[in-house]
Each structure stands twice: as C-alpha cells, then as structure tokens.
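Novice: mmCIF, C-alpha atoms and all ligand atoms, file data_37.cif:
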```cif
data_final
loop_
_atom_site.label_atom_id
_atom_site.label_comp_id
_atom_site.auth_asym_id
_atom_site.auth_seq_id
_atom_site.Cartn_x
_atom_site.Cartn_y
_atom_site.Cartn_z
CA MET A 149 -16.59 3.58 -19.04
CA ASP A 150 -16.82 -0.03 -20.25
CA LEU A 151 -14.02 -1.90 -18.50
CA GLY A 152 -14.21 -4.80 -20.94
CA LEU A 153 -14.94 -7.30 -18.19
CA LYS A 154 -18.10 -8.77 -19.71
CA GLY A 155 -17.72 -12.51 -20.13
CA LYS A 156 -14.37 -12.71 -18.34
CA ASN A 157 -14.07 -15.41 -15.69
CA ALA A 158 -12.71 -14.46 -12.27
CA ILE A 159 -11.66 -16.27 -9.12
CA VAL A 160 -12.21 -14.18 -5.99
CA CYS A 161 -10.78 -15.71 -2.82
CA ALA A 162 -12.03 -15.02 0.70
CA ALA A 163 -15.04 -13.20 -0.70
CA SER A 164 -17.74 -13.84 1.92
CA SER A 165 -17.20 -10.42 3.45
CA GLY A 166 -15.00 -7.36 3.56
CA ILE A 167 -12.60 -6.43 0.78
CA GLY A 168 -12.90 -9.75 -1.09
CA ARG A 169 -16.65 -9.45 -1.22
CA ALA A 170 -16.43 -5.85 -2.45
CA CYS A 171 -14.04 -6.91 -5.24
CA ALA A 172 -16.31 -9.81 -6.24
CA THR A 173 -19.35 -7.54 -6.29
CA MET A 174 -17.68 -4.94 -8.47
CA LEU A 175 -16.30 -7.50 -10.93
CA ALA A 176 -19.75 -9.11 -11.25
CA ARG A 177 -21.46 -5.75 -11.66
CA GLU A 178 -19.03 -5.02 -14.50
CA GLY A 179 -20.07 -8.25 -16.21
CA ALA A 180 -17.45 -10.79 -15.13
CA ASN A 181 -18.49 -14.31 -14.18
CA ILE A 182 -17.15 -15.06 -10.73
CA VAL A 183 -16.33 -18.01 -8.55
CA ILE A 184 -16.24 -16.85 -4.97
CA ASN A 185 -14.70 -18.62 -2.02
CA GLY A 186 -15.21 -18.60 1.73
CA ARG A 187 -14.95 -21.05 4.61
CA THR A 188 -18.61 -21.19 5.69
CA ALA A 189 -21.21 -22.47 3.23
CA ASP A 190 -24.14 -20.46 4.61
CA THR A 191 -22.31 -17.15 4.61
CA LEU A 192 -20.87 -17.78 1.17
CA ASP A 193 -24.29 -18.71 -0.26
CA GLU A 194 -25.79 -15.60 1.28
CA THR A 195 -23.09 -13.44 -0.31
CA ALA A 196 -23.56 -15.18 -3.66
CA ALA A 197 -27.32 -14.50 -3.50
CA GLU A 198 -26.76 -10.84 -2.69
CA ILE A 199 -24.28 -10.38 -5.53
CA ARG A 200 -26.63 -12.25 -7.89
CA ALA A 201 -29.37 -9.74 -7.08
CA LEU A 202 -27.04 -6.91 -8.14
CA ALA A 203 -25.64 -8.70 -11.20
CA PRO A 204 -28.33 -11.08 -12.47
CA ASP A 205 -26.73 -11.64 -15.89
CA VAL A 206 -23.43 -13.19 -14.82
CA THR A 207 -22.61 -16.68 -13.59
CA ILE A 208 -21.79 -16.83 -9.90
CA LYS A 209 -20.30 -20.02 -8.50
CA THR A 210 -19.11 -20.87 -5.01
CA VAL A 211 -16.30 -23.02 -3.61
CA VAL A 212 -16.44 -23.59 0.15
CA GLY A 213 -13.25 -24.06 2.16
CA SER A 214 -10.00 -22.42 3.12
CA VAL A 215 -7.63 -21.22 0.41
CA VAL A 216 -4.99 -23.06 2.39
CA ASP A 217 -6.45 -26.36 1.11
CA GLN A 218 -5.10 -27.59 -2.21
CA SER A 219 -8.46 -29.20 -3.10
CA VAL A 220 -10.15 -25.79 -2.67
CA ARG A 221 -7.57 -24.09 -4.89
CA GLU A 222 -7.95 -26.76 -7.55
CA ALA A 223 -11.75 -26.44 -7.44
CA LEU A 224 -11.42 -22.67 -7.88
CA ALA A 225 -9.06 -23.06 -10.84
CA ALA A 226 -11.44 -25.59 -12.44
CA ALA A 227 -14.63 -23.58 -11.87
CA PHE A 228 -14.61 -22.20 -15.42
CA PRO A 229 -13.07 -23.61 -18.60
CA GLN A 230 -10.65 -20.68 -18.51
CA ILE A 231 -9.64 -18.25 -15.79
CA ASP A 232 -8.94 -14.68 -16.88
CA ILE A 233 -8.76 -12.94 -13.51
CA LEU A 234 -7.40 -14.06 -10.16
CA LEU A 235 -8.00 -12.07 -6.98
CA ASN A 236 -5.90 -13.51 -4.18
CA ASN A 237 -7.13 -12.76 -0.68
CA ALA A 238 -7.38 -14.40 2.74
CA GLY A 239 -7.82 -13.37 6.34
CA GLY A 240 -4.77 -11.78 7.91
CA PRO A 241 -2.54 -13.56 10.43
CA PRO A 242 -3.36 -12.92 14.12
CA PRO A 243 -1.72 -9.98 15.86
CA GLY A 244 0.55 -10.46 18.85
CA ASP A 245 4.06 -10.44 20.26
CA PHE A 246 6.60 -12.29 18.15
CA HIS A 247 8.17 -13.81 21.26
CA ASN A 248 5.08 -16.00 21.56
CA TRP A 249 4.80 -17.23 17.98
CA THR A 250 5.66 -20.86 17.41
CA ARG A 251 6.99 -22.42 14.25
CA ASP A 252 3.46 -23.74 13.59
CA ASP A 253 2.04 -20.21 13.89
CA TRP A 254 4.56 -19.01 11.32
CA ILE A 255 3.90 -21.89 8.93
CA ALA A 256 0.16 -21.22 9.15
CA ALA A 257 0.69 -17.56 8.29
CA VAL A 258 3.04 -18.31 5.39
CA ASP A 259 0.58 -20.91 4.11
CA GLN A 260 -2.43 -18.61 4.23
CA ASN A 261 -0.96 -15.28 3.17
CA MET A 262 1.83 -16.29 0.82
CA LEU A 263 1.83 -19.88 -0.44
CA SER A 264 -1.93 -20.10 -1.15
CA ALA A 265 -1.67 -17.11 -3.48
CA ILE A 266 1.46 -18.44 -5.17
CA GLU A 267 -0.19 -21.81 -5.75
CA LEU A 268 -3.30 -20.24 -7.27
CA ILE A 269 -1.05 -18.22 -9.55
CA ARG A 270 0.75 -21.43 -10.55
CA LEU A 271 -2.59 -23.06 -11.41
CA THR A 272 -3.86 -20.20 -13.57
CA ILE A 273 -1.13 -17.98 -15.00
CA ASP A 274 0.07 -20.14 -17.89
CA GLY A 275 -3.47 -20.44 -19.29
CA MET A 276 -3.76 -16.65 -19.10
CA ALA A 277 -0.45 -16.27 -20.92
CA GLU A 278 -1.44 -18.72 -23.66
CA ARG A 279 -4.63 -16.75 -24.32
CA GLY A 280 -2.81 -13.40 -24.14
CA PHE A 281 -4.87 -11.90 -21.33
CA GLY A 282 -4.67 -12.22 -17.57
CA ARG A 283 -5.10 -10.09 -14.50
CA ILE A 284 -3.78 -11.10 -11.10
CA VAL A 285 -4.48 -8.88 -8.11
CA ASN A 286 -3.25 -9.71 -4.63
CA ILE A 287 -4.75 -8.07 -1.56
CA THR A 288 -1.81 -7.45 0.77
CA SER A 289 -1.50 -4.58 3.25
CA SER A 290 -0.15 -1.09 3.78
CA ALA A 291 2.24 -2.96 6.10
CA VAL A 292 4.27 -3.77 2.97
CA ARG A 293 5.22 -0.06 2.94
CA VAL A 294 5.21 0.58 6.68
CA PRO A 295 5.48 -2.55 8.83
CA ILE A 296 3.06 -2.49 11.78
CA PRO A 297 4.78 -4.01 14.86
CA VAL A 298 1.74 -5.83 16.26
CA ILE A 299 1.13 -7.77 13.04
CA GLY A 300 4.63 -9.07 12.40
CA MET A 301 3.48 -12.21 10.61
CA SER A 302 1.47 -10.07 8.21
CA ASN A 303 4.46 -7.78 7.59
CA ALA A 304 6.62 -10.78 6.75
CA THR A 305 4.29 -12.88 4.62
CA ARG A 306 3.03 -9.94 2.53
CA ALA A 307 6.59 -8.83 1.84
CA GLY A 308 7.49 -12.35 0.74
CA LEU A 309 4.50 -12.58 -1.58
CA THR A 310 5.23 -9.14 -3.01
CA ASN A 311 8.78 -9.91 -3.99
CA PHE A 312 7.86 -13.30 -5.39
CA VAL A 313 5.07 -12.02 -7.64
CA PHE A 314 7.05 -9.05 -8.93
CA GLY A 315 9.76 -11.51 -9.91
CA LEU A 316 7.21 -13.10 -12.27
CA VAL A 317 6.33 -9.86 -14.05
CA PRO A 318 9.19 -9.88 -16.62
CA GLN A 319 8.23 -13.43 -17.61
CA TYR A 320 4.55 -12.67 -18.22
CA SER A 321 4.20 -8.98 -19.08
CA SER A 322 4.66 -9.43 -22.84
CA LYS A 323 1.99 -12.15 -22.76
CA GLY A 324 -0.76 -9.81 -21.62
CA VAL A 325 -0.69 -10.84 -17.97
CA THR A 326 -0.44 -8.22 -15.24
CA ILE A 327 0.25 -8.79 -11.55
CA ASN A 328 -0.47 -6.01 -9.11
CA ASN A 329 -1.04 -5.73 -5.39
CA LEU A 330 -3.65 -3.68 -3.57
CA LEU A 331 -2.41 -2.42 -0.20
CA PRO A 332 -5.27 -1.50 2.13
CA GLY A 333 -4.71 0.99 4.88
CA PRO A 334 -7.55 1.03 7.41
CA PHE A 335 -10.78 -0.15 5.74
CA ASP A 336 -14.21 -0.55 7.29
CA THR A 337 -14.47 -4.35 7.44
CA GLY A 338 -14.98 -7.09 10.02
CA ARG A 339 -11.23 -7.50 10.43
CA LEU A 340 -10.81 -3.93 11.51
CA ARG A 341 -13.91 -3.86 13.69
CA ASN A 342 -13.21 -7.14 15.46
CA SER A 343 -9.62 -6.59 16.46
CA LYS A 344 -8.95 -4.09 19.21
CA GLU A 345 -5.17 -4.35 18.86
CA ILE A 346 -5.25 -3.75 15.14
CA THR A 347 -7.83 -1.02 15.50
CA MET A 348 -5.59 0.90 17.86
CA HIS A 349 -2.83 0.93 15.28
CA LEU A 350 -4.86 1.39 12.14
CA THR A 351 -7.91 3.51 12.70
CA LYS A 352 -6.02 6.63 13.55
CA ASN A 353 -6.18 8.23 10.15
CA PRO A 354 -6.09 11.94 10.87
CA VAL A 355 -5.12 12.59 7.27
CA ALA A 356 -8.30 11.26 5.69
CA GLY A 357 -10.49 11.68 8.75
CA ARG A 358 -12.17 8.37 7.95
CA VAL A 359 -11.47 4.75 7.13
CA GLY A 360 -11.80 3.32 3.64
CA ASP A 361 -15.03 1.95 2.18
CA PRO A 362 -14.45 -1.57 0.78
CA GLU A 363 -16.38 -0.51 -2.32
CA GLU A 364 -13.53 1.90 -3.12
CA MET A 365 -11.12 -1.00 -3.18
CA GLY A 366 -13.56 -3.08 -5.22
CA ALA A 367 -13.66 -0.35 -7.85
CA MET A 368 -9.86 -0.16 -8.00
CA CYS A 369 -9.74 -3.92 -8.33
CA ALA A 370 -12.20 -3.85 -11.24
CA PHE A 371 -10.15 -1.17 -12.98
CA LEU A 372 -6.90 -3.13 -12.51
CA CYS A 373 -8.63 -6.13 -14.07
CA SER A 374 -9.89 -4.12 -17.04
CA HIS A 375 -8.42 -3.99 -20.52
CA TYR A 376 -7.44 -0.37 -19.85
CA ALA A 377 -5.02 -1.45 -17.11
CA GLY A 378 -2.80 -3.62 -19.29
CA TYR A 379 0.18 -1.27 -18.89
CA ILE A 380 -0.01 -1.21 -15.09
CA ASN A 381 2.15 -4.10 -13.99
CA GLY A 382 4.18 -5.02 -10.93
CA GLN A 383 2.74 -2.23 -8.82
CA ASN A 384 1.94 -1.90 -5.14
CA ILE A 385 -1.13 0.30 -5.09
CA LEU A 386 -1.57 1.80 -1.66
CA MET A 387 -5.08 2.85 -0.65
CA ASP A 388 -4.84 4.56 2.72
CA GLY A 389 -6.40 7.99 2.23
CA GLY A 390 -2.98 9.63 2.17
CA LEU A 391 -1.86 8.26 5.54
CA TYR A 392 1.57 7.18 4.29
CA PRO A 393 3.71 10.30 4.05
CA GLY A 394 6.52 8.93 1.85
CA SER A 395 7.09 9.63 -1.80
CA TYR A 396 7.39 6.06 -3.10
P1 LIG B 1 -12.41 -9.59 6.76
O1 LIG B 1 -12.04 -10.36 7.97
O2 LIG B 1 -13.43 -8.51 6.88
O3 LIG B 1 -12.85 -10.56 5.59
C1 LIG B 1 -12.08 -11.66 5.23
C2 LIG B 1 -12.99 -12.74 4.67
O4 LIG B 1 -12.17 -13.82 4.26
C3 LIG B 1 -13.94 -13.30 5.71
O5 LIG B 1 -15.18 -13.58 5.09
C4 LIG B 1 -13.27 -14.59 6.15
O6 LIG B 1 -14.15 -15.56 6.64
C5 LIG B 1 -12.60 -15.02 4.85
N1 LIG B 1 -11.41 -15.83 5.04
C6 LIG B 1 -10.46 -15.65 5.97
N2 LIG B 1 -9.49 -16.55 5.82
C7 LIG B 1 -9.86 -17.35 4.79
C8 LIG B 1 -9.26 -18.47 4.17
N3 LIG B 1 -8.11 -18.98 4.61
N4 LIG B 1 -9.88 -19.03 3.11
C9 LIG B 1 -11.05 -18.52 2.67
N5 LIG B 1 -11.66 -17.47 3.22
C10 LIG B 1 -11.07 -16.89 4.26
O7 LIG B 1 -11.04 -9.00 6.23
P2 LIG B 1 -10.77 -7.74 5.28
O8 LIG B 1 -10.69 -6.53 6.11
O9 LIG B 1 -11.67 -7.77 4.11
O10 LIG B 1 -9.27 -8.05 4.85
C11 LIG B 1 -8.90 -8.74 3.68
C12 LIG B 1 -7.38 -8.79 3.67
O11 LIG B 1 -6.86 -7.45 3.68
C13 LIG B 1 -6.82 -9.49 4.90
O12 LIG B 1 -5.71 -10.25 4.54
C14 LIG B 1 -6.42 -8.34 5.80
O13 LIG B 1 -5.39 -8.68 6.69
C15 LIG B 1 -5.97 -7.32 4.76
N6 LIG B 1 -6.00 -5.97 5.30
C16 LIG B 1 -7.17 -5.41 5.72
C17 LIG B 1 -7.15 -4.11 6.25
C18 LIG B 1 -8.42 -3.45 6.75
O14 LIG B 1 -8.33 -2.36 7.28
N7 LIG B 1 -9.58 -4.03 6.59
C19 LIG B 1 -5.94 -3.39 6.32
C20 LIG B 1 -4.77 -3.99 5.87
C21 LIG B 1 -4.81 -5.28 5.35
#
```
Using the file provided, produce a representation of the structure as structure tokens.
Specialist:
Amino acid sequence: MDLGLKGKNAIVCAASSGIGRACATMLAREGANIVINGRTADTLDETAAEIRALAPDVTIKTVVGSVVDQSVREALAAAFPQIDILLNNAGGPPPGDFHNWTRDDWIAAVDQNMLSAIELIRLTIDGMAERGFGRIVNITSSAVRVPIPVIGMSNATRAGLTNFVFGLVPQYSSKGVTINNLLPGPFDTGRLRNSKEITMHLTKNPVAGRVGDPEEMGAMCAFLCSHYAGYINGQNILMDGGLYPGSY
C-alpha cells in the first residue's frame, strides 16, 4: 500500500530513541522527509545515520535540544519550507507521590507534555490548513483512558493536551488537517526498562502476554499520517494489546 507520504515533510519530536524514533523511521521509510529532535547531539546524529541507512532517498535533518525550548520548536518548524506532518512527543514526567510534587515540578510537566505540543501545533497548523493537508499526531499515554496513580503528572498533562487538541478539530477538519493521539500501553522502550516503579504498573499485560514493539506504533503513526487516514480525526487510538477492558 502506498501511503502517499513521499515528499511530505515531517517534524518528529523526541526521536532519538523509543516510540519517537520508531515513528521517524517508519515515516522516512515511507518516503517522508523528516526533521528529528533529541536533547543529545551524539545520540541524535547516530539515530539520523541509522535511519538514513534505511531510507537513503529522503532528507533527514536534526535539531538538538529540548522541545520545551522555544528556539528548538522554532528551528523544527523552520526546518523545511512547509511542514505537512507533526509528531508531538517528549519524555514522560517522573513518577512519584503527588504529596511531594512542587509547583515547579508541575510547571515542568505541563511545559514538556502539554504546552510544547500546543506551541508546535500553533507554529505549523495554519500552514497545513492553507495547503489543504496536514497530519498532527500526539504521543500521549494509555493513562488518558485509565489514570495510573504513580504517574499523576502524566495523567494530568496528557488529559489537558487531549481536550485542547480535540477542541481544534472542528476548526481544521474541513481544511484537510487531522489531529489524533496515539496512546501507548506498555511498550518495549528505554522509559519502560529504566523505571522500576512504572514497570511494576505497566508490564503486567496478561492479556497480550507481551509488551508492544515500538515499530508497531511507528506503523500506526505512518498510517495516521497517510492520505488514506484523512477521515480519522479527533481520535484517541489506544495501543495496549487489549489490556483496557472497556468499550470506549
Ligand atoms: P523513551 O524514554 O524510550 O524515549 C524518549 C526519547 O525522547 C528519548 O530519546 C529522550 O532522550 C527524548 N526526550 C525526552 N524528553 C525530551 C525533550 N523534552 N525534548 C526532546 N527529546 C526528549 O520513551 P518512550 O517509551 O519512547 O515514550 C515516549 C512517550 O510515550 C513518553 O511521553 C512516554 O511517557 C509515553 N509512554 C510510553 C509508554 C511505554 O510503555 N514506553 C507507555 C505510555 C506512555
């Protein structure tokens, strides 16, 4: 299936590793030019080289720095003359007990997991609408459906982002722009492996008997960004191997 991504220009945030990297790889393999972002130059360059080896015909650019920085977001938005696809992603807020979180902790979480995505949308969405094509995908969390007590700041910031972006859908849908969220359940990435507290809560997936492969999310991301997905808009797409038992 040709997803129609050849020649499209995509921003992929927090793409050095994990889910962001898998989305960047899949978009590039499908022919999209990508600008990838990460906080460490060496790791980001390494990732860019590895993706380039898999997708030698596309342009791959890098912007080093945190998505929390306005200068980084502006550099991402300016990386190509036009941006057709925006994949918002960032590391998750730290786990812990809400009694211990300070106002600064909360502001940092809101900045990273909500405001950075909203600002990148602000910088790119009107250009997409003018050209009649745009795809915005936000990586959030299964915690949007089922809040996970130990990651309260994630529960809160993802929910805030979700409601904000879905409020934009009626304004942009008729202009060819879609906004959807991908909600990972437990996926095999550094975040899951490096956090004992999160692992305890997330890796128990008796339903699927395994955790997710980031490539599976990358493929879903590429499909959501394709021309075939133009009628999928304002959706929370949960990928958790069937762990969530509800019907909505
Ligand atoms: P990861 O830690 O494996 O990878 C995140 C990447 O983003 C890393 O390369 C990191 O250096 C980079 N990064 C972090 N903060 C950044 C920032 N502010 N600016 C730029 N780059 C930044 O994480 P992952 O598992 O791929 O998770 C991606 C997102 O999905 C996170 O928000 C995470 O909370 C969420 N999530 C993951 C899972 C899971 O099981 N892996 C489950 C639910 C939600």
Novice: Kindly provide the residues of chain A that approach ligand LIG 1 (chain B) to within 7 Å, each paired with its closest atom pair and their distance in Å to one decimal, based on all atoms listed in the file, listed by chain and increasing number, as a Markdown table.
Specialist:
```
| residue | atom | partner | partner_atom | distance |
| --- | --- | --- | --- | --- |
| A:Cys161 | CA | B:LIG1 | C9 | 6.2 |
| A:Ala162 | CA | B:LIG1 | N5 | 3.5 |
| A:Ala163 | CA | B:LIG1 | O4 | 5.8 |
| A:Ser164 | CA | B:LIG1 | O5 | 4.1 |
| A:Ser165 | CA | B:LIG1 | O5 | 4.1 |
| A:Gly166 | CA | B:LIG1 | O9 | 3.4 |
| A:Ile167 | CA | B:LIG1 | O9 | 3.7 |
| A:Gly168 | CA | B:LIG1 | O9 | 5.7 |
| A:Asn185 | CA | B:LIG1 | C9 | 5.9 |
| A:Gly186 | CA | B:LIG1 | N5 | 4.0 |
| A:Arg187 | CA | B:LIG1 | C9 | 5.0 |
| A:Gly213 | CA | B:LIG1 | C9 | 6.0 |
| A:Ser214 | CA | B:LIG1 | N4 | 3.4 |
| A:Val215 | CA | B:LIG1 | N4 | 4.1 |
| A:Val216 | CA | B:LIG1 | N3 | 5.6 |
| A:Asn237 | CA | B:LIG1 | C12 | 5.9 |
| A:Ala238 | CA | B:LIG1 | N2 | 4.3 |
| A:Gly239 | CA | B:LIG1 | C6 | 3.5 |
| A:Gly240 | CA | B:LIG1 | O13 | 3.4 |
| A:Pro241 | CA | B:LIG1 | O13 | 6.8 |
| A:Gln260 | CA | B:LIG1 | N3 | 5.7 |
| A:Ile287 | CA | B:LIG1 | O11 | 5.7 |
| A:Thr288 | CA | B:LIG1 | C15 | 5.8 |
| A:Ser289 | CA | B:LIG1 | C21 | 4.0 |
| A:Ser290 | CA | B:LIG1 | C20 | 5.8 |
| A:Leu331 | CA | B:LIG1 | C21 | 6.7 |
| A:Pro332 | CA | B:LIG1 | C20 | 4.5 |
| A:Gly333 | CA | B:LIG1 | C19 | 4.8 |
| A:Pro334 | CA | B:LIG1 | O14 | 3.5 |
| A:Phe335 | CA | B:LIG1 | O14 | 3.6 |
| A:Asp336 | CA | B:LIG1 | N7 | 5.8 |
| A:Thr337 | CA | B:LIG1 | O2 | 4.3 |
| A:Gly338 | CA | B:LIG1 | O2 | 3.8 |
| A:Arg339 | CA | B:LIG1 | O1 | 3.9 |
| A:Leu340 | CA | B:LIG1 | N7 | 5.1 |
```
Novice: Keeping C-alpha atoms, export the residues of the selection given above as a compact mmCIF listing (two decimals), in the frame of the given file.
Specialist:
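This is the output file result12.txt:
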```txt
# COMPACT_ATOMS: atom_id res chain seq x y z
CA CYS A 161 -10.78 -15.71 -2.82
CA ALA A 162 -12.03 -15.02 0.70
CA ALA A 163 -15.04 -13.20 -0.70
CA SER A 164 -17.74 -13.84 1.92
CA SER A 165 -17.20 -10.42 3.45
CA GLY A 166 -15.00 -7.36 3.56
CA ILE A 167 -12.60 -6.43 0.78
CA GLY A 168 -12.90 -9.75 -1.09
CA ASN A 185 -14.70 -18.62 -2.02
CA GLY A 186 -15.21 -18.60 1.73
CA ARG A 187 -14.95 -21.05 4.61
CA GLY A 213 -13.25 -24.06 2.16
CA SER A 214 -10.00 -22.42 3.12
CA VAL A 215 -7.63 -21.22 0.41
CA VAL A 216 -4.99 -23.06 2.39
CA ASN A 237 -7.13 -12.76 -0.68
CA ALA A 238 -7.38 -14.40 2.74
CA GLY A 239 -7.82 -13.37 6.34
CA GLY A 240 -4.77 -11.78 7.91
CA PRO A 241 -2.54 -13.56 10.43
CA GLN A 260 -2.43 -18.61 4.23
CA ILE A 287 -4.75 -8.07 -1.56
CA THR A 288 -1.81 -7.45 0.77
CA SER A 289 -1.50 -4.58 3.25
CA SER A 290 -0.15 -1.09 3.78
CA LEU A 331 -2.41 -2.42 -0.20
CA PRO A 332 -5.27 -1.50 2.13
CA GLY A 333 -4.71 0.99 4.88
CA PRO A 334 -7.55 1.03 7.41
CA PHE A 335 -10.78 -0.15 5.74
CA ASP A 336 -14.21 -0.55 7.29
CA THR A 337 -14.47 -4.35 7.44
CA GLY A 338 -14.98 -7.09 10.02
CA ARG A 339 -11.23 -7.50 10.43
CA LEU A 340 -10.81 -3.93 11.51
```
Novice: Which distance in Å separates atom CA of Ala307 of chain A and atom CA of Ala291 of chain A, to one decimal?
Specialist: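 Result for atom CA of Ala307 of chain A versus atom CA of Ala291 of chain A: 8.5 Å, one decimal.
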Novice: How far is it from atom CA of Cys373 of chain A to atom CA of Ala226 of chain A, in Å with one decimal?
Specialist: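 Answer for the atom CA of Cys373 of chain A to atom CA of Ala226 of chain A separation: 19.7 Å.
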Novice: Using only C-alpha atoms, which protein or nucleic acid residues come within 9 Å of Ala158 of chain A? Drop anything in the same chain fewer than 4 positions from it, and give the result as a list in words.
Specialist: Ala172, Leu175, Ala176, Ala180, Asn181, Ile182, Val183, Ile184, Phe228, Ile231, Asp232, Ile233, Leu234 and Leu235 of chain A
Novice: So what do you get for atom CA of Asn261 of chain A versus atom CA of Asn381 of chain A, distance-wise?
Specialist: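 Distance reported for this atom pair: 20.7 Å.
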Novice: For each of A:Leu224, A:Val325, A:Leu263, A:Val355, take the minimum atom-to-atom distance to Thr305 of chain A, counting only C-alpha atoms, then give the residue where this is smallest.
Specialist: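 Selected residue with least distance to Thr305 of chain A: A:Leu263.
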Novice: Determine the nearest neighbour of Phe312 of chain A from the options A:Thr326, A:Gly382, A:Ala356, A:Asp361, counting all atoms listed in the file.
Specialist: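 Nearest to Phe312 of chain A: A:Gly382.
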Novice: For Ile199 of chain A, please output as a ChimeraX atom specification all residues within 7 Å (counting only C-alpha atoms; exclusion window: fewer than 4 positions along the same chain).
Specialist: /A:173,195,203
Novice: Just want the 9 Å neighbourhood of Ile266 of chain A, counted on all atoms listed in the file, with same-chain residues fewer than 3 positions away dropped. Output as an mmCIF file with C-alpha atoms, keeping the file's coordinate frame.
Specialist:
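What follows is the written file around.cif:
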```cif
data_model
loop_
_atom_site.group_PDB
_atom_site.id
_atom_site.type_symbol
_atom_site.label_atom_id
_atom_site.label_comp_id
_atom_site.auth_asym_id
_atom_site.auth_seq_id
_atom_site.Cartn_x
_atom_site.Cartn_y
_atom_site.Cartn_z
ATOM 1 C CA ASN A 236 -5.900 -13.510 -4.180
ATOM 2 C CA MET A 262 1.830 -16.290 0.820
ATOM 3 C CA LEU A 263 1.830 -19.880 -0.440
ATOM 4 C CA ILE A 269 -1.050 -18.220 -9.550
ATOM 5 C CA ARG A 270 0.750 -21.430 -10.550
ATOM 6 C CA LEU A 271 -2.590 -23.060 -11.410
ATOM 7 C CA LEU A 309 4.500 -12.580 -1.580
ATOM 8 C CA PHE A 312 7.860 -13.300 -5.390
ATOM 9 C CA VAL A 313 5.070 -12.020 -7.640
#
```
Novice: My list of candidates is A:Asp259, A:Met387, A:Thr272, A:Pro393. Which is closest to Pro229 of chain A when distances are computed with all atoms listed in the file?
Specialist: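 Checking each candidate against Pro229 of chain A, we get A:Thr272 as the closest.
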Novice: When you count only C-alpha atoms, which of these residues is closest to Ile385 of chain A: A:Arg221, A:Arg306, A:Arg358, A:Arg293?
Specialist: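 Smallest distance to Ile385 of chain A is found for A:Arg293.
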Novice: For Asp205 of chain A, which of A:Ala225, A:Lys154, A:Ile299, A:Trp254 is the closest residue, counting only C-alpha atoms?
Specialist: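 Comparing A:Ala225, A:Lys154, A:Ile299, A:Trp254 against Asp205 of chain A, the winner is A:Lys154.
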Novice: Can you work out which one of A:Leu268, A:Pro243, A:Glu363, A:Pro354 has the shortest atom-to-atom distance to Pro297 of chain A, counting only C-alpha atoms?
Specialist: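 Smallest separation from Pro297 of chain A among the options: A:Pro243.
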Novice: Quick one: residues within 10 Å of Asp245 of chain A, only C-alpha atoms counted, chain neighbours fewer than 2 positions away excluded, as a list in words?
Specialist: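 The contact residues come out as Pro242, Pro243, His247, Asn248, Trp249, Pro297, Val298, Ile299, Gly300 and Met301 of chain A.
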Novice: Keeping C-alpha atoms for every residue in the selection just given, could you write it to a file as a compact mmCIF listing (two decimals), keeping the file's coordinate frame?
Specialist:
```txt
# COMPACT_ATOMS: atom_id res chain seq x y z
CA PRO A 242 -3.36 -12.92 14.12
CA PRO A 243 -1.72 -9.98 15.86
CA HIS A 247 8.17 -13.81 21.26
CA ASN A 248 5.08 -16.00 21.56
CA TRP A 249 4.80 -17.23 17.98
CA PRO A 297 4.78 -4.01 14.86
CA VAL A 298 1.74 -5.83 16.26
CA ILE A 299 1.13 -7.77 13.04
CA GLY A 300 4.63 -9.07 12.40
CA MET A 301 3.48 -12.21 10.61
```
Novice: Counting all atoms listed in the file, which residues have an atom no more than 9 Å from (-21.9, -9.1, -21.1) in the file's coordinates? Please list them as a list in words.
Specialist: Gly152, Leu153, Lys154, Gly155, Lys156, Glu178, Gly179, Ala180, Asp205 and Val206 of chain A
Novice: Pull C-alpha atoms from the residues just selected and write them as a compact mmCIF listing (two decimals), in the coordinates of the input.
Specialist:
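So the final result, stored in result.txt, reads:
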```txt
# COMPACT_ATOMS: atom_id res chain seq x y z
CA GLY A 152 -14.21 -4.80 -20.94
CA LEU A 153 -14.94 -7.30 -18.19
CA LYS A 154 -18.10 -8.77 -19.71
CA GLY A 155 -17.72 -12.51 -20.13
CA LYS A 156 -14.37 -12.71 -18.34
CA GLU A 178 -19.03 -5.02 -14.50
CA GLY A 179 -20.07 -8.25 -16.21
CA ALA A 180 -17.45 -10.79 -15.13
CA ASP A 205 -26.73 -11.64 -15.89
CA VAL A 206 -23.43 -13.19 -14.82
```
Novice: Can you tell me, as a ChimeraX atom specification, what residues are no more than 7 Å from Ala277 of chain A when counting only C-alpha atoms, ignoring any on the same chain fewer than 5 positions away?
Specialist: /A:282,320,323-325
